[in-house]
>>> print(open('target-v3.txt').read())   # compact mmCIF, C-alpha atoms
# COMPACT_ATOMS: atom_id res chain seq x y z
CA MET A 119 13.79 1.51 8.67
CA ALA A 120 11.60 4.53 9.38
CA HIS A 121 9.70 6.04 6.49
CA ALA A 122 10.55 9.67 5.83
CA SER A 123 7.05 11.02 6.35
CA SER A 124 7.32 13.77 3.73
CA ALA A 125 8.58 11.40 1.02
CA PRO A 126 5.89 10.07 -1.33
CA CYS A 127 4.57 6.62 -0.51
CA VAL A 128 2.05 4.07 -1.71
CA VAL A 129 0.04 2.69 1.20
CA ASP A 130 -0.97 -0.96 0.85
CA SER A 131 -4.53 -1.40 2.11
CA ASN A 132 -3.43 -3.74 4.87
CA VAL A 133 -1.63 -0.86 6.65
CA PRO A 134 -4.81 1.06 7.57
CA LEU A 135 -6.60 -2.24 8.21
CA VAL A 136 -3.92 -3.33 10.68
CA ALA A 137 -4.01 0.16 12.25
CA ASN A 138 -7.76 -0.37 12.76
CA GLY A 139 -7.08 -3.68 14.51
CA SER A 140 -8.72 -5.61 11.64
CA SER A 141 -6.11 -8.37 11.40
CA THR A 142 -4.34 -11.03 13.38
CA ALA A 143 -1.30 -8.77 13.76
CA GLY A 144 0.06 -8.31 17.25
CA PRO A 145 0.03 -5.06 19.22
CA ASP A 146 3.51 -3.95 18.08
CA CYS A 147 2.46 -4.25 14.44
CA VAL A 148 -0.79 -2.37 15.10
CA ILE A 149 1.24 0.42 16.74
CA SER A 150 3.74 0.52 13.83
CA CYS A 151 0.96 0.75 11.24
CA THR A 152 -0.88 3.36 13.30
CA HIS A 153 2.28 5.49 13.58
CA ALA A 154 2.92 5.17 9.82
CA ILE A 155 -0.67 6.22 9.02
CA ARG A 156 -0.49 9.16 11.44
CA ASP A 157 2.85 10.27 9.93
CA VAL A 158 1.35 10.19 6.44
CA VAL A 159 -1.69 12.18 7.58
CA ALA A 160 0.48 14.68 9.47
CA SER A 161 3.02 15.43 6.75
CA GLY A 162 3.06 12.73 4.11
CA ARG A 163 2.41 12.50 0.42
CA VAL A 164 0.44 9.56 -0.93
CA VAL A 165 0.52 8.16 -4.45
CA VAL A 166 -2.60 6.47 -5.86
CA ASP A 167 -3.85 5.59 -9.34
CA ASP A 168 -6.01 8.09 -11.20
CA ALA A 169 -8.73 5.49 -11.85
CA TRP A 170 -9.13 5.10 -8.06
CA ARG A 171 -8.49 1.36 -7.94
CA ILE A 172 -6.55 1.82 -4.69
CA VAL A 173 -9.03 4.34 -3.28
CA GLY A 174 -11.85 1.94 -4.19
CA GLU A 175 -10.17 -0.85 -2.24
CA TYR A 176 -9.79 1.47 0.75
CA ARG A 177 -13.45 2.54 0.49
CA HIS A 178 -14.56 -1.09 0.36
CA ARG A 179 -12.64 -2.00 3.52
CA LEU A 180 -12.56 1.23 5.58
CA SER A 181 -15.08 3.84 6.71
CA PRO A 182 -14.95 7.17 4.85
CA SER A 183 -16.51 8.84 7.91
CA GLY A 184 -13.08 8.64 9.55
CA GLN A 185 -14.39 6.54 12.44
CA PRO A 186 -13.72 4.54 14.49
CA GLY A 187 -10.05 3.73 13.82
CA PRO A 188 -6.88 5.38 12.55
CA GLY A 189 -7.17 3.53 9.23
CA ASP A 190 -10.62 5.05 8.75
CA ALA A 191 -9.18 8.49 9.62
CA PHE A 192 -6.55 7.91 6.93
CA LEU A 193 -9.26 7.23 4.33
CA LYS A 194 -11.15 10.39 5.32
CA TRP A 195 -7.89 12.38 5.08
CA LEU A 196 -7.12 10.87 1.66
CA LEU A 197 -10.58 11.62 0.29
CA THR A 198 -10.18 15.21 1.52
CA ASN A 199 -6.71 15.53 -0.05
CA LEU A 200 -7.09 13.60 -3.33
CA TRP A 201 -6.94 16.82 -5.37
CA ASN A 202 -4.25 18.52 -3.25
CA PRO A 203 -1.01 17.97 -5.21
CA THR A 204 1.14 18.72 -2.16
CA ARG A 205 -0.42 15.74 -0.35
CA CYS A 206 -1.56 13.32 -3.04
CA THR A 207 -0.34 12.37 -6.50
CA GLN A 208 -2.62 10.49 -8.85
CA VAL A 209 -0.78 8.57 -11.57
CA ALA A 210 -2.07 6.70 -14.59
CA ILE A 211 -1.52 2.95 -14.81
CA THR A 212 -2.39 1.00 -17.93
CA PRO A 213 -4.47 -2.17 -17.59
CA MET A 214 -3.49 -5.04 -19.84
CA VAL A 215 -6.02 -5.77 -22.58
CA ASN A 216 -6.55 -9.37 -21.45
CA ASP A 217 -6.45 -8.75 -17.66
CA ALA A 218 -7.76 -5.60 -15.95
CA MET A 219 -5.93 -6.61 -12.73
CA ASP A 220 -2.55 -6.54 -14.50
CA PHE A 221 -0.76 -3.44 -15.70
CA LYS A 222 1.89 -2.53 -18.26
CA GLU A 223 3.79 -0.73 -15.48
CA PHE A 224 4.01 -3.91 -13.37
CA PRO A 225 7.59 -5.21 -13.76
CA ALA A 226 7.86 -8.26 -16.01
CA ALA A 227 10.33 -9.85 -13.58
CA LEU A 228 7.59 -10.00 -10.93
CA ARG A 229 5.16 -11.90 -13.16
CA THR A 230 6.98 -15.16 -12.39
CA VAL A 231 6.86 -14.94 -8.57
CA GLY A 232 3.14 -15.55 -8.14
CA PHE A 233 2.26 -11.95 -7.31
CA ASP A 234 -1.40 -11.58 -6.31
CA PRO A 235 -3.41 -9.80 -9.01
CA SER A 236 -5.07 -7.58 -6.36
CA ASP A 237 -1.62 -6.38 -5.17
CA ARG A 238 -0.27 -5.49 -8.61
CA LYS A 239 -1.88 -2.04 -8.62
CA PHE A 240 0.30 -0.92 -5.68
CA VAL A 241 3.50 -1.91 -7.49
CA ALA A 242 2.30 -0.48 -10.81
CA VAL A 243 1.54 2.86 -9.14
CA ALA A 244 4.97 2.98 -7.49
CA VAL A 245 6.66 2.26 -10.83
CA ALA A 246 4.44 4.67 -12.82
CA HIS A 247 5.17 7.52 -10.40
CA GLY A 248 8.78 7.59 -11.55
CA GLY A 249 10.11 8.94 -8.26
CA SER A 250 10.45 5.52 -6.61
CA PRO A 251 7.93 6.05 -3.81
CA THR A 252 8.14 3.50 -1.02
CA ILE A 253 5.30 1.02 -0.67
CA LEU A 254 4.27 0.80 2.99
CA GLN A 255 3.46 -2.82 3.83
CA GLY A 256 1.88 -3.94 7.09
CA PHE A 257 1.19 -7.62 7.65
CA ASP A 258 0.77 -9.39 4.29
CA SER A 259 3.36 -12.15 4.52
CA LYS A 260 3.24 -12.88 0.78
CA TRP A 261 5.05 -9.55 0.27
CA TRP A 262 7.85 -10.76 2.56
CA GLY A 263 8.31 -13.72 0.22
CA TRP A 264 8.49 -11.34 -2.75
CA ARG A 265 10.89 -8.84 -1.10
CA GLN A 266 14.02 -9.90 -3.01
CA ALA A 267 12.24 -9.93 -6.37
CA LEU A 268 10.72 -6.52 -5.58
CA ALA A 269 14.12 -5.08 -4.64
CA ALA A 270 15.70 -6.55 -7.78
CA ALA A 271 12.93 -4.86 -9.82
CA GLY A 272 13.76 -1.53 -8.15
CA VAL A 273 10.59 -1.43 -6.04
CA ASP A 274 11.16 -0.11 -2.51
CA VAL A 275 8.99 -1.69 0.18
CA GLU A 276 9.03 -0.69 3.83
CA PHE A 277 7.89 -3.53 6.05
CA LEU A 278 6.34 -1.83 9.06
CA CYS A 279 6.09 -5.10 11.01
CA GLU A 280 9.27 -6.80 9.84
CA ASN A 281 9.69 -9.32 12.67
CA GLU A 282 6.03 -10.37 12.70
CA ILE A 283 5.73 -10.59 8.93
CA ALA A 284 8.94 -12.66 8.66
CA GLN A 285 7.65 -15.03 11.34
CA LYS A 286 4.22 -15.29 9.69
CA HIS A 287 5.86 -16.01 6.32
CA ALA A 288 8.09 -18.72 7.86
CA GLU A 289 5.03 -20.43 9.36
CA LYS A 290 3.27 -20.71 5.99
>>> encode(input="target-v3.txt", output="structure tokens")
Amino acid sequence: MAHASSAPCVVDSNVPLVANGSSTAGPDCVISCTHAIRDVVASGRVVVDDAWRIVGEYRHRLSPSGQPGPGDAFLKWLLTNLWNPTRCTQVAITPMVNDAMDFKEFPAALRTVGFDPSDRKFVAVAVAHGGSPTILQGFDSKWWGWRQALAAAGVDVEFLCENEIAQKHAEK
């Protein structure tokens, strides 16, 4: 499935990391993530949380100078476009009182599948947006294991490296 580049999307942090070559993903996956990042930068719309949890994760793992890789260029583009509503939408997500890594917008049905706390913000943002933006997923095989539960909860995930991620998940 090819992401419609002008449709809003939530970009999991592993997509720009894979595009930078910062993973064990193979060359086809790196190319897929690089193309997805370049499509978003060229004509996409990104959805992030208004408290910058996602942006903070990007900033921790990527270079805001935009160098040397395409994932870094994505971060620079995002930081430039955070306040441009035609390119970026910031939505509010509500942390749970007893767990700042969990959110009211995170579907209850996904709480039983062992979803990583650090990944919940991406799902919560997609749900809070209300327009069902696709979550772009690179090479995190745990997401492959959650794909049916995510689909059942109405969360659309595009696996950019479907064959590699399925194989990686099967090996674990």
>>> closest_residue(input="target-v3.txt", among="A:Ile283, A:Ala267, A:Leu278, A:Val243", to="A:His153", atoms="all atoms listed in the file")
A:Leu278
>>> closest_residue(input="target-v3.txt", among="A:Leu268, A:Val275, A:Ala154, A:Ile172", to="A:Phe240", atoms="all atoms listed in the file")
A:Ile172
>>> atom_distance(input="target-v3.txt", atom1="atom CA of A:Asn138", atom2="atom CA of A:Asp190")
7.3 Å
>>> residues_around(input="target-v3.txt", residues="A:Pro203", least_positions_apart="3", cutoff="12 Å", atoms="all atoms listed in the file", output="PyMOL selection string")
chain A and resi 126+162-166+196+198-200+206-209
>>> residues_near_point(input="target-v3.txt", point="(-1.9, -5.0, -7.6)", cutoff="10 Å", atoms="only C-alpha atoms", output="ChimeraX atom specification")
/A:130,171-172,219-221,224,233-243
>>> decode(input="target-v3.txt", residues="stretch 243-264 of chain A", atoms="N, CA, C and O atoms", output="PDB file, in the first residue's frame")
ATOM      1  N   VAL A 243      -2.363  10.067  19.287  1.00  0.00           N
ATOM      2  CA  VAL A 243      -2.421  11.211  18.375  1.00  0.00           C
ATOM      3  C   VAL A 243      -3.296  10.879  17.171  1.00  0.00           C
ATOM      4  O   VAL A 243      -4.128  11.694  16.761  1.00  0.00           O
ATOM      5  N   ALA A 244      -3.131   9.694  16.609  1.00  0.00           N
ATOM      6  CA  ALA A 244      -3.955   9.304  15.453  1.00  0.00           C
ATOM      7  C   ALA A 244      -5.433   9.296  15.829  1.00  0.00           C
ATOM      8  O   ALA A 244      -6.277   9.785  15.070  1.00  0.00           O
ATOM      9  N   VAL A 245      -5.757   8.772  17.000  1.00  0.00           N
ATOM     10  CA  VAL A 245      -7.154   8.711  17.450  1.00  0.00           C
ATOM     11  C   VAL A 245      -7.675  10.121  17.758  1.00  0.00           C
ATOM     12  O   VAL A 245      -8.782  10.486  17.356  1.00  0.00           O
ATOM     13  N   ALA A 246      -6.872  10.933  18.449  1.00  0.00           N
ATOM     14  CA  ALA A 246      -7.307  12.279  18.837  1.00  0.00           C
ATOM     15  C   ALA A 246      -7.540  13.181  17.627  1.00  0.00           C
ATOM     16  O   ALA A 246      -8.379  14.083  17.682  1.00  0.00           O
ATOM     17  N   HIS A 247      -6.835  12.938  16.559  1.00  0.00           N
ATOM     18  CA  HIS A 247      -6.975  13.773  15.351  1.00  0.00           C
ATOM     19  C   HIS A 247      -8.397  13.725  14.815  1.00  0.00           C
ATOM     20  O   HIS A 247      -8.928  14.732  14.361  1.00  0.00           O
ATOM     21  N   GLY A 248      -9.017  12.552  14.882  1.00  0.00           N
ATOM     22  CA  GLY A 248     -10.401  12.419  14.439  1.00  0.00           C
ATOM     23  C   GLY A 248     -10.567  12.143  12.958  1.00  0.00           C
ATOM     24  O   GLY A 248     -11.623  11.717  12.525  1.00  0.00           O
ATOM     25  N   GLY A 249      -9.536  12.373  12.168  1.00  0.00           N
ATOM     26  CA  GLY A 249      -9.625  12.143  10.728  1.00  0.00           C
ATOM     27  C   GLY A 249      -8.981  10.844  10.291  1.00  0.00           C
ATOM     28  O   GLY A 249      -8.759  10.631   9.112  1.00  0.00           O
ATOM     29  N   SER A 250      -8.678   9.987  11.234  1.00  0.00           N
ATOM     30  CA  SER A 250      -8.055   8.689  10.974  1.00  0.00           C
ATOM     31  C   SER A 250      -6.766   8.776  10.165  1.00  0.00           C
ATOM     32  O   SER A 250      -6.607   8.091   9.155  1.00  0.00           O
ATOM     33  N   PRO A 251      -5.803   9.601  10.600  1.00  0.00           N
ATOM     34  CA  PRO A 251      -4.538   9.631   9.862  1.00  0.00           C
ATOM     35  C   PRO A 251      -3.823   8.283   9.974  1.00  0.00           C
ATOM     36  O   PRO A 251      -3.933   7.592  10.980  1.00  0.00           O
ATOM     37  N   THR A 252      -3.139   7.923   8.934  1.00  0.00           N
ATOM     38  CA  THR A 252      -2.362   6.689   8.910  1.00  0.00           C
ATOM     39  C   THR A 252      -1.097   6.872   9.738  1.00  0.00           C
ATOM     40  O   THR A 252      -0.460   7.925   9.677  1.00  0.00           O
ATOM     41  N   ILE A 253      -0.747   5.840  10.493  1.00  0.00           N
ATOM     42  CA  ILE A 253       0.542   5.832  11.189  1.00  0.00           C
ATOM     43  C   ILE A 253       1.528   5.138  10.253  1.00  0.00           C
ATOM     44  O   ILE A 253       1.300   3.997   9.840  1.00  0.00           O
ATOM     45  N   LEU A 254       2.606   5.837   9.901  1.00  0.00           N
ATOM     46  CA  LEU A 254       3.657   5.233   9.085  1.00  0.00           C
ATOM     47  C   LEU A 254       4.605   4.489  10.018  1.00  0.00           C
ATOM     48  O   LEU A 254       5.121   5.061  10.977  1.00  0.00           O
ATOM     49  N   GLN A 255       4.807   3.214   9.733  1.00  0.00           N
ATOM     50  CA  GLN A 255       5.617   2.336  10.573  1.00  0.00           C
ATOM     51  C   GLN A 255       6.727   1.735   9.722  1.00  0.00           C
ATOM     52  O   GLN A 255       6.469   1.185   8.661  1.00  0.00           O
ATOM     53  N   GLY A 256       7.954   1.838  10.196  1.00  0.00           N
ATOM     54  CA  GLY A 256       9.098   1.328   9.458  1.00  0.00           C
ATOM     55  C   GLY A 256       9.450  -0.098   9.799  1.00  0.00           C
ATOM     56  O   GLY A 256       9.029  -1.033   9.124  1.00  0.00           O
ATOM     57  N   PHE A 257      10.195  -0.295  10.886  1.00  0.00           N
ATOM     58  CA  PHE A 257      10.809  -1.602  11.123  1.00  0.00           C
ATOM     59  C   PHE A 257      10.691  -2.057  12.573  1.00  0.00           C
ATOM     60  O   PHE A 257      11.534  -2.776  13.076  1.00  0.00           O
ATOM     61  N   ASP A 258       9.633  -1.652  13.266  1.00  0.00           N
ATOM     62  CA  ASP A 258       9.411  -2.095  14.645  1.00  0.00           C
ATOM     63  C   ASP A 258       8.477  -3.294  14.594  1.00  0.00           C
ATOM     64  O   ASP A 258       7.270  -3.161  14.418  1.00  0.00           O
ATOM     65  N   SER A 259       9.042  -4.478  14.755  1.00  0.00           N
ATOM     66  CA  SER A 259       8.266  -5.712  14.547  1.00  0.00           C
ATOM     67  C   SER A 259       7.163  -5.912  15.580  1.00  0.00           C
ATOM     68  O   SER A 259       6.222  -6.663  15.327  1.00  0.00           O
ATOM     69  N   LYS A 260       7.256  -5.242  16.726  1.00  0.00           N
ATOM     70  CA  LYS A 260       6.166  -5.371  17.705  1.00  0.00           C
ATOM     71  C   LYS A 260       4.861  -4.874  17.087  1.00  0.00           C
ATOM     72  O   LYS A 260       3.806  -5.449  17.321  1.00  0.00           O
ATOM     73  N   TRP A 261       4.932  -3.809  16.277  1.00  0.00           N
ATOM     74  CA  TRP A 261       3.737  -3.267  15.632  1.00  0.00           C
ATOM     75  C   TRP A 261       3.106  -4.300  14.704  1.00  0.00           C
ATOM     76  O   TRP A 261       1.885  -4.353  14.573  1.00  0.00           O
ATOM     77  N   TRP A 262       3.917  -5.117  14.069  1.00  0.00           N
ATOM     78  CA  TRP A 262       3.379  -6.160  13.184  1.00  0.00           C
ATOM     79  C   TRP A 262       2.530  -7.128  14.012  1.00  0.00           C
ATOM     80  O   TRP A 262       1.462  -7.549  13.583  1.00  0.00           O
ATOM     81  N   GLY A 263       2.994  -7.438  15.209  1.00  0.00           N
ATOM     82  CA  GLY A 263       2.236  -8.320  16.091  1.00  0.00           C
ATOM     83  C   GLY A 263       0.935  -7.702  16.578  1.00  0.00           C
ATOM     84  O   GLY A 263      -0.011  -8.399  16.915  1.00  0.00           O
ATOM     85  N   TRP A 264       0.878  -6.377  16.600  1.00  0.00           N
ATOM     86  CA  TRP A 264      -0.312  -5.662  17.069  1.00  0.00           C
ATOM     87  C   TRP A 264      -1.250  -5.274  15.927  1.00  0.00           C
ATOM     88  O   TRP A 264      -2.297  -4.664  16.156  1.00  0.00           O
TER      89      TRP A 264
END
